[in-house]
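Here's the structure, in structure tokens; my notes come after.
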Amino acid sequence: MPFTKFSFLQLAKDFIQLFSSDVAVDLGTANTLVYVKGRGIVLDEPSVVAIEAGTGRIKEVGRGAKAMLGRTHEGIKAVRPLKDGVIEDFELTEDMLRTFIQRAIKHNFLIKPRIVVCVPSGITEVGKRAVVDSAEHAGAREVFLIAEPMAAAIGVGMPVNSPSGNMIIDIGGGTTEIVVIALSGIVVYNHVKVAGDEMDFAIIDFLRKRYNIETDYNTAELIKKTIGSAFPLKQELKMVVNGLNLKEGIPRSVEVRSEEIRIALQEPVNAIIDATKRTLEKTPPGHASDIKDRGITLAGGGALLKGLDALLHKETDLTINMADDPLTAIVLGAGKVLDDLEAYEKVLLHSKKE
Ligand SMILES: Nc1ncnc2c1ncn2[C@@H]1O[C@H](COP(=O)(O)OP(=O)(O)OP(=O)(O)O)[C@@H](O)[C@H]1O
Ligand SMILES: [Mg+2]
């Protein structure tokens, strides 16, 4: 083939591809995952930053910082820069994002990467700008945004461009997003600021009221993951929990049962069920009958609560399909988009420059 202008351009593009590492990021309230083109998921860490109380200097980012959540530790406090699915502290989010991207692509930072970032579908224009700015400051050459439930749908292999409606629920740490997708767009949208975090708070609250013991966020999360449930279990479970007795001011252990944790989780779980029912009610009849045929798909870490699928089935009378790996479905979907940006152009959210 003669060395035409076109082939030179292609060569230049290939060269950039070779020396840049395009990445997809699921920047979640609880966890951030990074996918690098050609390598898959290379980073999966809690969205937590530990800072020195006096100076505000960053001490730890990710897993190490999460271990400090809810504990005072030599003047260091651990914070989550995102809350309820939105950025609460822009500077910290940017620092966290930069650290994660550098950890993910290490030395391969010769040419700035293109980055696909997953954001909540209800994000405002200002919110979009903030994410784009953070990603640019964190080292991106170009930034593309995709709605989290859309990424989840692509991640689980839903035919998002088909005219029939597909319902997916992404239950994360901060938010639950319930959407119906058709023709590469979100046709029905609903969200509640109730997801995994609210379940943890409900457990902390319950232990305080019932047993007079104070537990931290990480303990509550462990209880939720180990014995938490939304529906009666074939075999009910129990576990020993350590906490600080509020009356005596000394550490105490109590044995808690899955039945009582289920009651403690009723409020957040019901909020998710009610939001799902409301979304089904406002779904146009054509799409509603598609959903009756295909069922509802669940993604996001919160979907892993034992028996949540069984309860949703009982309450909606629909088939409930669980993503193969609910925690990675979103970033894997964003990764598929990154691998073929042209084919997926229609599913991207565009951020207007102000
Ligand atoms: N086995 C499990 N059982 C119950 N909950 C779980 C389990 N594993 C993870 N989770 C919960 O899933 C939540 C995190 O899910 P995910 O990583 O999808 O959230 P996120 O994307 O960071 O949050 P958001 O999408 O709201 O910004 C946490 O609340 C975590 O405790
Ligand atoms: Mg999420």
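We label chains A, B, ... in the order they appear in the structure tokens, count residues from 1 in each chain, and number ligands from 1 in the order shown.
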Review point. What lies within 9 Å of Val86 of chain A using only C-alpha atoms, ignoring chain neighbours under 6 positions off, as a ChimeraX atom specification?
Key: /A:28-29,119-120,123,127,174
Please produce a file of the residues just selected, as a compact mmCIF listing (two decimals), in the first residue's frame, where the atoms kept are N, CA, C and O atoms.
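New file result.txt:
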# COMPACT_ATOMS: atom_id res chain seq x y z
N GLY A 28 -17.08 5.53 42.13
CA GLY A 28 -18.26 5.32 42.97
C GLY A 28 -18.13 5.93 44.36
O GLY A 28 -17.03 6.29 44.77
N THR A 29 -19.25 6.02 45.05
CA THR A 29 -19.25 6.54 46.41
C THR A 29 -18.42 5.62 47.32
O THR A 29 -17.68 6.08 48.17
N VAL A 119 -20.79 8.17 35.59
CA VAL A 119 -21.38 9.16 36.50
C VAL A 119 -22.87 8.81 36.71
O VAL A 119 -23.46 8.12 35.89
N PRO A 120 -23.47 9.30 37.80
CA PRO A 120 -24.90 9.02 37.98
C PRO A 120 -25.71 9.61 36.84
O PRO A 120 -25.37 10.68 36.32
N ILE A 123 -26.97 13.35 36.85
CA ILE A 123 -25.95 14.39 37.07
C ILE A 123 -26.32 15.71 36.37
O ILE A 123 -26.87 15.71 35.27
N GLY A 127 -22.28 19.34 37.64
CA GLY A 127 -21.66 18.09 38.09
C GLY A 127 -20.79 17.48 37.01
O GLY A 127 -19.68 17.03 37.26
N GLY A 174 -23.90 4.71 47.64
CA GLY A 174 -24.66 5.92 47.95
C GLY A 174 -26.02 6.02 47.30
O GLY A 174 -26.94 6.60 47.88
Check your understanding: Do you know which residues are within 8 Å of ligand 2 using only C-alpha atoms and all ligand atoms? Can you write them as a PyMOL selection string?
Key -> chain A and resi 26-31+85+120+148+170-175+300-301+330
Write out as a PDB file with C-alpha atoms, in the first residue's frame which residues come within 9 Å of Ser258 of chain A when counting only C-alpha atoms, dropping same-chain ones fewer than 5 positions away.
ATOM      1  CA  THR A 226     -21.875 -11.763  56.433  1.00  0.00           C
ATOM      2  CA  ILE A 227     -25.372 -12.158  57.883  1.00  0.00           C
ATOM      3  CA  GLY A 228     -27.413  -9.310  56.360  1.00  0.00           C
ATOM      4  CA  SER A 229     -30.435 -10.277  54.289  1.00  0.00           C
ATOM      5  CA  PRO A 232     -35.692 -15.300  55.108  1.00  0.00           C
ATOM      6  CA  LEU A 233     -32.586 -17.454  54.664  1.00  0.00           C
ATOM      7  CA  GLU A 236     -30.435 -18.316  59.469  1.00  0.00           C
ATOM      8  CA  LEU A 237     -27.016 -17.062  60.603  1.00  0.00           C
ATOM      9  CA  LYS A 238     -25.401 -15.394  63.592  1.00  0.00           C
ATOM     10  CA  MET A 239     -22.142 -13.669  64.366  1.00  0.00           C
ATOM     11  CA  ILE A 263     -35.561  -6.250  60.553  1.00  0.00           C
TER      12      ILE A 263
END
